[in-house]
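Visitor: Quick one, final_15.pdb (PDB, C-alpha atoms and all ligand atoms):
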```pdb
ATOM      1  CA  MET Z   1     193.833 106.295  86.350  1.00  0.00           C
ATOM      2  CA  THR Z   2     192.317 103.388  88.254  1.00  0.00           C
ATOM      3  CA  ALA Z   3     194.929 100.861  89.169  1.00  0.00           C
ATOM      4  CA  ALA Z   4     194.257  98.468  86.330  1.00  0.00           C
ATOM      5  CA  SER Z   5     194.758  94.828  87.244  1.00  0.00           C
ATOM      6  CA  PRO Z   6     197.771  93.596  85.311  1.00  0.00           C
ATOM      7  CA  ASP Z   7     196.322  90.102  85.210  1.00  0.00           C
ATOM      8  CA  THR Z   8     192.863  90.601  83.822  1.00  0.00           C
ATOM      9  CA  ASP Z   9     192.551  94.058  82.222  1.00  0.00           C
ATOM     10  CA  ALA Z  10     192.877  94.810  78.541  1.00  0.00           C
ATOM     11  CA  LEU Z  11     192.321  98.031  76.619  1.00  0.00           C
ATOM     12  CA  ILE Z  12     190.834  97.403  73.165  1.00  0.00           C
ATOM     13  CA  VAL Z  13     191.498 100.297  70.781  1.00  0.00           C
ATOM     14  CA  ILE Z  14     189.039 100.111  67.911  1.00  0.00           C
ATOM     15  CA  ASP Z  15     189.909 101.314  64.385  1.00  0.00           C
ATOM     16  CA  VAL Z  16     191.875 104.525  65.106  1.00  0.00           C
ATOM     17  CA  GLN Z  17     192.826 104.689  61.423  1.00  0.00           C
ATOM     18  CA  ASN Z  18     193.364 107.564  58.998  1.00  0.00           C
ATOM     19  CA  ASP Z  19     190.209 106.856  56.994  1.00  0.00           C
ATOM     20  CA  PHE Z  20     188.052 107.394  60.113  1.00  0.00           C
ATOM     21  CA  CYS Z  21     189.731 110.719  60.906  1.00  0.00           C
ATOM     22  CA  PRO Z  22     189.140 114.130  59.287  1.00  0.00           C
ATOM     23  CA  GLY Z  23     190.483 114.044  55.725  1.00  0.00           C
ATOM     24  CA  GLY Z  24     189.885 110.279  55.513  1.00  0.00           C
ATOM     25  CA  ALA Z  25     187.474 108.405  53.259  1.00  0.00           C
ATOM     26  CA  LEU Z  26     184.910 107.715  56.013  1.00  0.00           C
ATOM     27  CA  ALA Z  27     185.779 110.579  58.328  1.00  0.00           C
ATOM     28  CA  VAL Z  28     184.154 110.561  61.749  1.00  0.00           C
ATOM     29  CA  ALA Z  29     183.692 114.116  63.095  1.00  0.00           C
ATOM     30  CA  GLY Z  30     186.423 114.763  65.660  1.00  0.00           C
ATOM     31  CA  GLY Z  31     187.873 111.282  65.154  1.00  0.00           C
ATOM     32  CA  ASP Z  32     191.419 112.574  65.595  1.00  0.00           C
ATOM     33  CA  GLU Z  33     190.549 114.444  68.809  1.00  0.00           C
ATOM     34  CA  ILE Z  34     190.532 111.230  70.828  1.00  0.00           C
ATOM     35  CA  VAL Z  35     194.152 110.341  70.041  1.00  0.00           C
ATOM     36  CA  PRO Z  36     195.831 112.128  73.020  1.00  0.00           C
ATOM     37  CA  LEU Z  37     193.359 110.573  75.481  1.00  0.00           C
ATOM     38  CA  VAL Z  38     193.658 107.136  73.875  1.00  0.00           C
ATOM     39  CA  ASN Z  39     197.445 107.442  74.171  1.00  0.00           C
ATOM     40  CA  ARG Z  40     197.153 108.182  77.912  1.00  0.00           C
ATOM     41  CA  LEU Z  41     194.882 105.164  78.327  1.00  0.00           C
ATOM     42  CA  ILE Z  42     197.343 103.000  76.410  1.00  0.00           C
ATOM     43  CA  SER Z  43     200.168 104.000  78.713  1.00  0.00           C
ATOM     44  CA  ALA Z  44     198.013 103.291  81.800  1.00  0.00           C
ATOM     45  CA  SER Z  45     196.822  99.861  80.590  1.00  0.00           C
ATOM     46  CA  PRO Z  46     198.619  96.621  81.348  1.00  0.00           C
ATOM     47  CA  HIS Z  47     197.584  94.989  78.066  1.00  0.00           C
ATOM     48  CA  VAL Z  48     196.592  96.628  74.805  1.00  0.00           C
ATOM     49  CA  VAL Z  49     194.905  95.160  71.730  1.00  0.00           C
ATOM     50  CA  LEU Z  50     194.223  97.166  68.569  1.00  0.00           C
ATOM     51  CA  THR Z  51     191.708  96.466  65.846  1.00  0.00           C
ATOM     52  CA  GLN Z  52     192.254  97.474  62.233  1.00  0.00           C
ATOM     53  CA  ASP Z  53     189.466  97.632  59.660  1.00  0.00           C
ATOM     54  CA  TRP Z  54     191.136  95.879  56.721  1.00  0.00           C
ATOM     55  CA  HIS Z  55     189.119  95.524  53.532  1.00  0.00           C
ATOM     56  CA  PRO Z  56     190.202  94.134  50.173  1.00  0.00           C
ATOM     57  CA  ALA Z  57     189.553  96.478  47.213  1.00  0.00           C
ATOM     58  CA  GLY Z  58     185.999  95.972  45.933  1.00  0.00           C
ATOM     59  CA  HIS Z  59     184.671  94.891  49.349  1.00  0.00           C
ATOM     60  CA  SER Z  60     180.931  94.155  49.448  1.00  0.00           C
ATOM     61  CA  SER Z  61     180.316  96.928  52.010  1.00  0.00           C
ATOM     62  CA  PHE Z  62     181.498  99.562  49.518  1.00  0.00           C
ATOM     63  CA  ALA Z  63     178.678 101.414  47.737  1.00  0.00           C
ATOM     64  CA  SER Z  64     180.952 101.674  44.690  1.00  0.00           C
ATOM     65  CA  VAL Z  65     180.571  97.951  43.910  1.00  0.00           C
ATOM     66  CA  HIS Z  66     176.747  98.036  43.878  1.00  0.00           C
ATOM     67  CA  ALA Z  67     175.313  99.589  40.717  1.00  0.00           C
ATOM     68  CA  GLY Z  68     173.060 102.563  41.451  1.00  0.00           C
ATOM     69  CA  LYS Z  69     173.809 102.595  45.197  1.00  0.00           C
ATOM     70  CA  ALA Z  70     175.179 105.531  47.165  1.00  0.00           C
ATOM     71  CA  PRO Z  71     177.230 105.573  50.374  1.00  0.00           C
ATOM     72  CA  PHE Z  72     175.167 105.488  53.588  1.00  0.00           C
ATOM     73  CA  GLY Z  73     172.327 103.627  51.891  1.00  0.00           C
ATOM     74  CA  SER Z  74     171.530 100.033  52.726  1.00  0.00           C
ATOM     75  CA  ILE Z  75     171.250  96.710  50.896  1.00  0.00           C
ATOM     76  CA  GLU Z  76     170.278  93.180  51.807  1.00  0.00           C
ATOM     77  CA  LEU Z  77     173.150  90.703  51.836  1.00  0.00           C
ATOM     78  CA  PRO Z  78     172.730  86.983  52.648  1.00  0.00           C
ATOM     79  CA  TYR Z  79     173.375  87.735  56.346  1.00  0.00           C
ATOM     80  CA  GLY Z  80     170.944  90.668  56.561  1.00  0.00           C
ATOM     81  CA  ALA Z  81     170.888  94.441  56.079  1.00  0.00           C
ATOM     82  CA  GLN Z  82     174.241  96.013  55.324  1.00  0.00           C
ATOM     83  CA  THR Z  83     174.921  99.750  55.357  1.00  0.00           C
ATOM     84  CA  LEU Z  84     176.957 100.849  52.352  1.00  0.00           C
ATOM     85  CA  TRP Z  85     180.098 102.904  52.894  1.00  0.00           C
ATOM     86  CA  PRO Z  86     182.519 104.906  50.816  1.00  0.00           C
ATOM     87  CA  ASP Z  87     185.593 102.812  49.909  1.00  0.00           C
ATOM     88  CA  HIS Z  88     187.692 102.878  53.100  1.00  0.00           C
ATOM     89  CA  CYS Z  89     190.506 101.097  54.938  1.00  0.00           C
ATOM     90  CA  VAL Z  90     191.656  99.242  51.863  1.00  0.00           C
ATOM     91  CA  GLN Z  91     194.490  96.852  52.741  1.00  0.00           C
ATOM     92  CA  GLY Z  92     197.897  98.453  52.377  1.00  0.00           C
ATOM     93  CA  THR Z  93     196.678 102.009  51.803  1.00  0.00           C
ATOM     94  CA  ARG Z  94     197.497 105.054  53.914  1.00  0.00           C
ATOM     95  CA  GLY Z  95     193.841 105.289  54.905  1.00  0.00           C
ATOM     96  CA  ALA Z  96     194.072 101.883  56.547  1.00  0.00           C
ATOM     97  CA  GLU Z  97     197.107 102.856  58.655  1.00  0.00           C
ATOM     98  CA  PHE Z  98     196.721 103.866  62.273  1.00  0.00           C
ATOM     99  CA  HIS Z  99     196.557 107.610  62.922  1.00  0.00           C
ATOM    100  CA  GLY Z 100     200.114 108.941  62.814  1.00  0.00           C
ATOM    101  CA  ASN Z 101     200.044 110.136  66.432  1.00  0.00           C
ATOM    102  CA  LEU Z 102     198.553 106.972  67.891  1.00  0.00           C
ATOM    103  CA  ALA Z 103     201.078 105.454  70.322  1.00  0.00           C
ATOM    104  CA  TRP Z 104     200.379 101.926  69.162  1.00  0.00           C
ATOM    105  CA  THR Z 105     203.777 100.253  69.595  1.00  0.00           C
ATOM    106  CA  LYS Z 106     202.853  98.796  72.997  1.00  0.00           C
ATOM    107  CA  ALA Z 107     199.988  96.758  71.504  1.00  0.00           C
ATOM    108  CA  GLU Z 108     200.349  93.020  72.074  1.00  0.00           C
ATOM    109  CA  LEU Z 109     197.911  92.087  69.311  1.00  0.00           C
ATOM    110  CA  VAL Z 110     196.513  93.779  66.228  1.00  0.00           C
ATOM    111  CA  ILE Z 111     193.354  92.067  65.088  1.00  0.00           C
ATOM    112  CA  ARG Z 112     192.313  92.734  61.504  1.00  0.00           C
ATOM    113  CA  LYS Z 113     188.709  92.429  60.422  1.00  0.00           C
ATOM    114  CA  GLY Z 114     186.570  92.904  57.346  1.00  0.00           C
ATOM    115  CA  PHE Z 115     188.999  91.039  55.087  1.00  0.00           C
ATOM    116  CA  ARG Z 116     186.459  88.582  53.676  1.00  0.00           C
ATOM    117  CA  PRO Z 117     185.166  90.148  50.435  1.00  0.00           C
ATOM    118  CA  ALA Z 118     181.553  89.063  50.917  1.00  0.00           C
ATOM    119  CA  ILE Z 119     181.011  90.002  54.565  1.00  0.00           C
ATOM    120  CA  ASP Z 120     181.553  93.102  56.665  1.00  0.00           C
ATOM    121  CA  SER Z 121     182.847  92.998  60.222  1.00  0.00           C
ATOM    122  CA  TYR Z 122     182.092  95.864  62.594  1.00  0.00           C
ATOM    123  CA  SER Z 123     182.749  93.885  65.751  1.00  0.00           C
ATOM    124  CA  ALA Z 124     186.190  92.888  66.956  1.00  0.00           C
ATOM    125  CA  PHE Z 125     184.693  89.479  67.855  1.00  0.00           C
ATOM    126  CA  PHE Z 126     182.310  88.416  65.073  1.00  0.00           C
ATOM    127  CA  GLU Z 127     181.692  89.342  61.486  1.00  0.00           C
ATOM    128  CA  ASN Z 128     178.341  90.862  60.574  1.00  0.00           C
ATOM    129  CA  ASP Z 129     176.682  87.443  60.245  1.00  0.00           C
ATOM    130  CA  ARG Z 130     177.170  87.397  64.066  1.00  0.00           C
ATOM    131  CA  THR Z 131     178.608  83.873  63.912  1.00  0.00           C
ATOM    132  CA  THR Z 132     181.967  83.916  62.088  1.00  0.00           C
ATOM    133  CA  PRO Z 133     184.520  84.559  64.856  1.00  0.00           C
ATOM    134  CA  THR Z 134     187.618  86.741  64.459  1.00  0.00           C
ATOM    135  CA  GLY Z 135     189.505  84.709  67.070  1.00  0.00           C
ATOM    136  CA  LEU Z 136     189.735  87.566  69.585  1.00  0.00           C
ATOM    137  CA  ALA Z 137     187.557  85.888  72.246  1.00  0.00           C
ATOM    138  CA  GLY Z 138     189.747  82.793  72.234  1.00  0.00           C
ATOM    139  CA  TYR Z 139     192.887  84.912  72.483  1.00  0.00           C
ATOM    140  CA  LEU Z 140     191.579  86.919  75.440  1.00  0.00           C
ATOM    141  CA  ARG Z 141     190.287  83.829  77.260  1.00  0.00           C
ATOM    142  CA  GLU Z 142     193.506  81.904  76.808  1.00  0.00           C
ATOM    143  CA  ARG Z 143     195.353  84.828  78.313  1.00  0.00           C
ATOM    144  CA  GLY Z 144     192.843  85.276  81.172  1.00  0.00           C
ATOM    145  CA  LEU Z 145     191.955  88.801  80.072  1.00  0.00           C
ATOM    146  CA  SER Z 146     188.392  89.111  81.354  1.00  0.00           C
ATOM    147  CA  ARG Z 147     187.851  92.846  81.891  1.00  0.00           C
ATOM    148  CA  LEU Z 148     187.778  94.910  78.724  1.00  0.00           C
ATOM    149  CA  THR Z 149     187.865  98.665  78.246  1.00  0.00           C
ATOM    150  CA  LEU Z 150     186.904  99.798  74.740  1.00  0.00           C
ATOM    151  CA  VAL Z 151     187.760 103.091  73.055  1.00  0.00           C
ATOM    152  CA  GLY Z 152     188.012 104.290  69.457  1.00  0.00           C
ATOM    153  CA  LEU Z 153     185.965 104.734  66.286  1.00  0.00           C
ATOM    154  CA  ALA Z 154     183.142 104.710  65.683  1.00  0.00           C
ATOM    155  CA  THR Z 155     181.057 104.690  68.887  1.00  0.00           C
ATOM    156  CA  ASP Z 156     177.862 103.597  67.137  1.00  0.00           C
ATOM    157  CA  PHE Z 157     179.359 100.993  64.796  1.00  0.00           C
ATOM    158  CA  CYS Z 158     182.576  99.152  65.542  1.00  0.00           C
ATOM    159  CA  VAL Z 159     182.831 100.167  69.220  1.00  0.00           C
ATOM    160  CA  ALA Z 160     179.181  99.350  70.006  1.00  0.00           C
ATOM    161  CA  TYR Z 161     179.133  96.078  68.063  1.00  0.00           C
ATOM    162  CA  SER Z 162     182.332  95.017  69.822  1.00  0.00           C
ATOM    163  CA  ALA Z 163     180.993  95.970  73.261  1.00  0.00           C
ATOM    164  CA  LEU Z 164     177.699  94.120  72.700  1.00  0.00           C
ATOM    165  CA  ASP Z 165     179.519  90.995  71.550  1.00  0.00           C
ATOM    166  CA  ALA Z 166     181.928  91.250  74.498  1.00  0.00           C
ATOM    167  CA  ARG Z 167     178.954  91.206  76.885  1.00  0.00           C
ATOM    168  CA  ARG Z 168     177.322  88.343  74.982  1.00  0.00           C
ATOM    169  CA  LEU Z 169     180.582  86.411  75.439  1.00  0.00           C
ATOM    170  CA  GLY Z 170     180.644  87.134  79.173  1.00  0.00           C
ATOM    171  CA  PHE Z 171     183.402  89.756  79.397  1.00  0.00           C
ATOM    172  CA  ASP Z 172     183.157  92.571  81.942  1.00  0.00           C
ATOM    173  CA  THR Z 173     182.925  95.449  79.474  1.00  0.00           C
ATOM    174  CA  ARG Z 174     183.398  99.212  79.739  1.00  0.00           C
ATOM    175  CA  VAL Z 175     183.379 101.901  77.052  1.00  0.00           C
ATOM    176  CA  ILE Z 176     185.026 105.247  77.740  1.00  0.00           C
ATOM    177  CA  MET Z 177     182.674 107.498  75.818  1.00  0.00           C
ATOM    178  CA  ASP Z 178     184.889 110.582  75.548  1.00  0.00           C
ATOM    179  CA  ALA Z 179     187.596 108.378  74.035  1.00  0.00           C
ATOM    180  CA  CYS Z 180     185.202 107.536  71.156  1.00  0.00           C
ATOM    181  CA  ARG Z 181     183.508 109.504  68.375  1.00  0.00           C
ATOM    182  CA  ALA Z 182     180.356 108.533  66.448  1.00  0.00           C
ATOM    183  CA  ILE Z 183     179.235 108.448  62.813  1.00  0.00           C
ATOM    184  CA  ASP Z 184     175.611 109.024  63.966  1.00  0.00           C
ATOM    185  CA  LEU Z 185     173.652 107.891  60.944  1.00  0.00           C
ATOM    186  CA  GLY Z 186     169.860 108.251  61.394  1.00  0.00           C
ATOM    187  CA  GLY Z 187     169.890 108.030  65.193  1.00  0.00           C
ATOM    188  CA  SER Z 188     172.480 105.255  65.320  1.00  0.00           C
ATOM    189  CA  LEU Z 189     174.333 106.776  68.271  1.00  0.00           C
ATOM    190  CA  GLN Z 190     171.269 106.912  70.527  1.00  0.00           C
ATOM    191  CA  ASP Z 191     170.306 103.419  69.427  1.00  0.00           C
ATOM    192  CA  ALA Z 192     173.780 102.078  70.190  1.00  0.00           C
ATOM    193  CA  VAL Z 193     173.893 103.739  73.624  1.00  0.00           C
ATOM    194  CA  GLY Z 194     170.511 102.229  74.533  1.00  0.00           C
ATOM    195  CA  LYS Z 195     171.570  98.763  73.434  1.00  0.00           C
ATOM    196  CA  MET Z 196     174.877  98.960  75.294  1.00  0.00           C
ATOM    197  CA  GLN Z 197     173.142 100.091  78.497  1.00  0.00           C
ATOM    198  CA  ALA Z 198     170.542  97.327  78.214  1.00  0.00           C
ATOM    199  CA  ALA Z 199     173.300  94.745  77.717  1.00  0.00           C
ATOM    200  CA  GLY Z 200     175.175  95.818  80.839  1.00  0.00           C
ATOM    201  CA  VAL Z 201     178.063  97.607  79.150  1.00  0.00           C
ATOM    202  CA  LYS Z 202     179.389 100.244  81.562  1.00  0.00           C
ATOM    203  CA  LEU Z 203     179.500 103.611  79.819  1.00  0.00           C
ATOM    204  CA  LEU Z 204     182.070 105.844  81.519  1.00  0.00           C
ATOM    205  CA  GLU Z 205     183.781 109.173  80.978  1.00  0.00           C
ATOM    206  CA  SER Z 206     187.550 109.252  81.305  1.00  0.00           C
ATOM    207  CA  ALA Z 207     187.341 111.594  84.333  1.00  0.00           C
ATOM    208  CA  ALA Z 208     185.276 108.980  86.229  1.00  0.00           C
ATOM    209  CA  PHE Z 209     187.490 106.205  84.940  1.00  0.00           C
ATOM    210  CA  ALA Z 210     190.501 108.011  86.391  1.00  0.00           C
ATOM    211  CA  ALA Z 211     188.828 108.698  89.752  1.00  0.00           C
TER
HETATM  212  C1  LIG J 301     183.382 101.186  60.789  1.00  0.00           C
HETATM  213  C2  LIG J 301     181.823 101.518  59.147  1.00  0.00           C
HETATM  214  C3  LIG J 301     182.515 100.694  58.284  1.00  0.00           C
HETATM  215  C4  LIG J 301     183.854 101.494  62.182  1.00  0.00           C
HETATM  216  C5  LIG J 301     184.084 100.344  59.936  1.00  0.00           C
HETATM  217  O1  LIG J 301     185.067 101.343  62.462  1.00  0.00           O
HETATM  218  O2  LIG J 301     183.003 101.910  63.005  1.00  0.00           O
HETATM  219  N1  LIG J 301     182.255 101.758  60.385  1.00  0.00           N
HETATM  220  N2  LIG J 301     183.650 100.109  58.692  1.00  0.00           N
HETATM  221 ZN    ZN J 302     184.821  99.066  57.268  1.00  0.00          ZN
END
```
Please render this file's structure as structure tokens.
Guide:
Amino acid sequence: MTAASPDTDALIVIDVQNDFCPGGALAVAGGDEIVPLVNRLISASPHVVLTQDWHPAGHSSFASVHAGKAPFGSIELPYGAQTLWPDHCVQGTRGAEFHGNLAWTKAELVIRKGFRPAIDSYSAFFENDRTTPTGLAGYLRERGLSRLTLVGLATDFCVAYSALDARRLGFDTRVIMDACRAIDLGGSLQDAVGKMQAAGVKLLESAAFAA
């Protein structure tokens, strides 16, 4: 692994939770396959932050609360278009727990998101209205953590939204693509990759990262 700078480097592990892994409520294909690599990255990183998707029951992003709507459809909410999901990562459930093999104990911060009933939050930095902050930017800045490496689930939703916001906030931002897996809904992976490249997010593979 690259000698990470202990002063400025943080690994942000996005939503490696049971519901995003095979057998979970919103399973991402191969979601569990990244765990060994993510664990190696955790041990090589000076500072580690985890995010945890953390919805109350009956959250507005759940298709089940909108009459006549099915998962993976879309609705308009006051802040714009919102994709509808199966019920997932409900606070306190097994599905919301980190994957059982994730070596998360080293994490210095766990940031929970998506807990406001009326608004979803893909990004680790802002809710889906793009203005309500989670507090993560302030935390990282206060600690002088300016170079971020993102991994986790899902590439085209929570990882990409987090990476784009990180760039918008001025962080040096890398995503290790083979330490992520995508939902890929209607071309969303290609779209996310294009947006991340255009925003100056560095998209790496772990082999190059280690070189
Ligand atoms: C996510 C959809 C809904 C994610 C979270 O972690 O990418 N996707 N909630
Ligand atoms: Zn969610």
Visitor: Can you work out which residues are within 6 Å of ligand LIG 301 (chain J), considering all atoms listed in the file, and then hand them over as a list in words?
Guide: Asp15, Tyr122, Leu153, Ala154, Phe157 and Cys158 of chain Z
Visitor: Between Z:Gln91, Z:Ser61, Z:Thr51, Z:Thr8, which residue has the minimum interatomic distance to ligand ZN 302 (chain J), considering all atoms listed in the file?
Guide: Z:Ser61
Visitor: Specify as a ChimeraX atom specification each residue included when the PyMOL selection byres (((not hetatm)) within 10 of (chain J and resi 302)) is applied to this file.
Guide: /Z:15,19-20,26,52-55,59,61-62,84-90,96,113-115,120-122,157-158
Visitor: Would you kindly translate the PyMOL selection byres (((chain Z and resi 152) around 12) and not hetatm) into the concrete residues it picks from this file, as a ChimeraX atom specification?
Guide: /Z:11-17,20-21,28,30-39,41-42,49-53,98-99,102,124,149-151,153-160,162-163,175-183
Visitor: Would you compute the distance between CA of Ala137 (chain Z) and CA of Leu77 (chain Z)? Give it in Å to one decimal.
Guide: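 Atom-to-atom, CA of Ala137 (chain Z) to CA of Leu77 (chain Z), that is 25.4 Å.
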Visitor: Could you check which residues have any atom within 9 Å of (196.8, 101.6, 83.0), counting all atoms listed in the file with coordinates taken straight from the file, and then list them as number ranges by chain?
Guide: Z: 1-6, 9, 11, 40-47
Visitor: Rounded to one decimal in Å, what is the spacing between CA of Arg147 (chain Z) and CA of Arg174 (chain Z)?
Guide: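 That distance, rounded to one decimal, is 8.1 Å.
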Visitor: To verify the selection step, state as a PyMOL selection string which residues the PyMOL selection byres (((chain Z and resi 129) around 9) and not hetatm) yields on this input.
Guide: chain Z and resi 78-80+119-121+126-128+130-132
Visitor: May I ask which of the residues Z:Glu76, Z:Asp7, Z:Asp184, Z:Glu108 is the closest one to Ser146 (chain Z), counting all atoms listed in the file?
Guide: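 Using all atoms listed in the file, Ser146 (chain Z) sits closest to Z:Asp7.
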Visitor: Between Z:Leu164, Z:His66, Z:Leu145, Z:Ala27, single out the one closest to Ala192 (chain Z), counting all atoms listed in the file.
Guide: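 That would be Z:Leu164, the residue with the smallest distance to Ala192 (chain Z).
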Visitor: Have a look at Z:Ala29, Z:Val48, Z:Ile111, Z:Leu185 and name the one nearest to Ser74 (chain Z); count only C-alpha atoms.
Guide: Z:Leu185
Visitor: Would you kindly place N, CA and C atoms on region 6-31 of chain Z and return the model as a compact mmCIF listing (two decimals), in the coordinates of the input?
Guide:
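Output below, filename result-v1.txt:
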```txt
# COMPACT_ATOMS: atom_id res chain seq x y z
N PRO Z 6 196.89 94.07 86.39
CA PRO Z 6 197.77 93.60 85.31
C PRO Z 6 197.39 92.22 84.80
N ASP Z 7 196.63 91.48 85.61
CA ASP Z 7 196.32 90.10 85.21
C ASP Z 7 195.12 89.99 84.29
N THR Z 8 194.13 90.83 84.51
CA THR Z 8 192.86 90.60 83.82
C THR Z 8 192.40 91.73 82.91
N ASP Z 9 193.07 92.89 82.95
CA ASP Z 9 192.55 94.06 82.22
C ASP Z 9 193.19 94.26 80.86
N ALA Z 10 192.35 94.47 79.87
CA ALA Z 10 192.88 94.81 78.54
C ALA Z 10 192.14 96.02 77.99
N LEU Z 11 192.88 96.90 77.37
CA LEU Z 11 192.32 98.03 76.62
C LEU Z 11 192.23 97.60 75.16
N ILE Z 12 191.03 97.76 74.57
CA ILE Z 12 190.83 97.40 73.17
C ILE Z 12 190.63 98.71 72.40
N VAL Z 13 191.54 99.04 71.54
CA VAL Z 13 191.50 100.30 70.78
C VAL Z 13 190.96 99.98 69.39
N ILE Z 14 189.76 100.49 69.13
CA ILE Z 14 189.04 100.11 67.91
C ILE Z 14 189.30 101.10 66.76
N ASP Z 15 189.89 100.65 65.70
CA ASP Z 15 189.91 101.31 64.39
C ASP Z 15 190.34 102.79 64.41
N VAL Z 16 191.39 103.13 65.13
CA VAL Z 16 191.88 104.52 65.11
C VAL Z 16 192.80 104.67 63.89
N GLN Z 17 192.16 104.74 62.73
CA GLN Z 17 192.83 104.69 61.42
C GLN Z 17 192.56 105.98 60.65
N ASN Z 18 193.47 106.29 59.74
CA ASN Z 18 193.36 107.56 59.00
C ASN Z 18 192.02 107.73 58.31
N ASP Z 19 191.46 106.68 57.73
CA ASP Z 19 190.21 106.86 56.99
C ASP Z 19 189.03 107.23 57.90
N PHE Z 20 189.13 107.01 59.20
CA PHE Z 20 188.05 107.39 60.11
C PHE Z 20 188.32 108.75 60.77
N CYS Z 21 189.39 109.41 60.35
CA CYS Z 21 189.73 110.72 60.91
C CYS Z 21 189.51 111.79 59.84
N PRO Z 22 189.36 113.06 60.27
CA PRO Z 22 189.14 114.13 59.29
C PRO Z 22 190.15 114.06 58.15
N GLY Z 23 189.64 114.19 56.91
CA GLY Z 23 190.48 114.04 55.72
C GLY Z 23 190.45 112.62 55.17
N GLY Z 24 189.95 111.68 55.94
CA GLY Z 24 189.88 110.28 55.51
C GLY Z 24 188.62 109.99 54.73
N ALA Z 25 188.56 108.78 54.16
CA ALA Z 25 187.47 108.40 53.26
C ALA Z 25 186.13 108.25 53.96
N LEU Z 26 186.15 107.89 55.23
CA LEU Z 26 184.91 107.72 56.01
C LEU Z 26 185.11 108.46 57.33
N ALA Z 27 185.36 109.77 57.18
CA ALA Z 27 185.78 110.58 58.33
C ALA Z 27 184.67 110.67 59.38
N VAL Z 28 185.04 110.42 60.60
CA VAL Z 28 184.15 110.56 61.75
C VAL Z 28 184.47 111.93 62.35
N ALA Z 29 183.44 112.77 62.57
CA ALA Z 29 183.69 114.12 63.10
C ALA Z 29 184.48 114.03 64.40
N GLY Z 30 185.60 114.74 64.45
CA GLY Z 30 186.42 114.76 65.66
C GLY Z 30 187.16 113.47 65.93
N GLY Z 31 187.24 112.59 64.95
CA GLY Z 31 187.87 111.28 65.15
C GLY Z 31 189.30 111.40 65.67
```
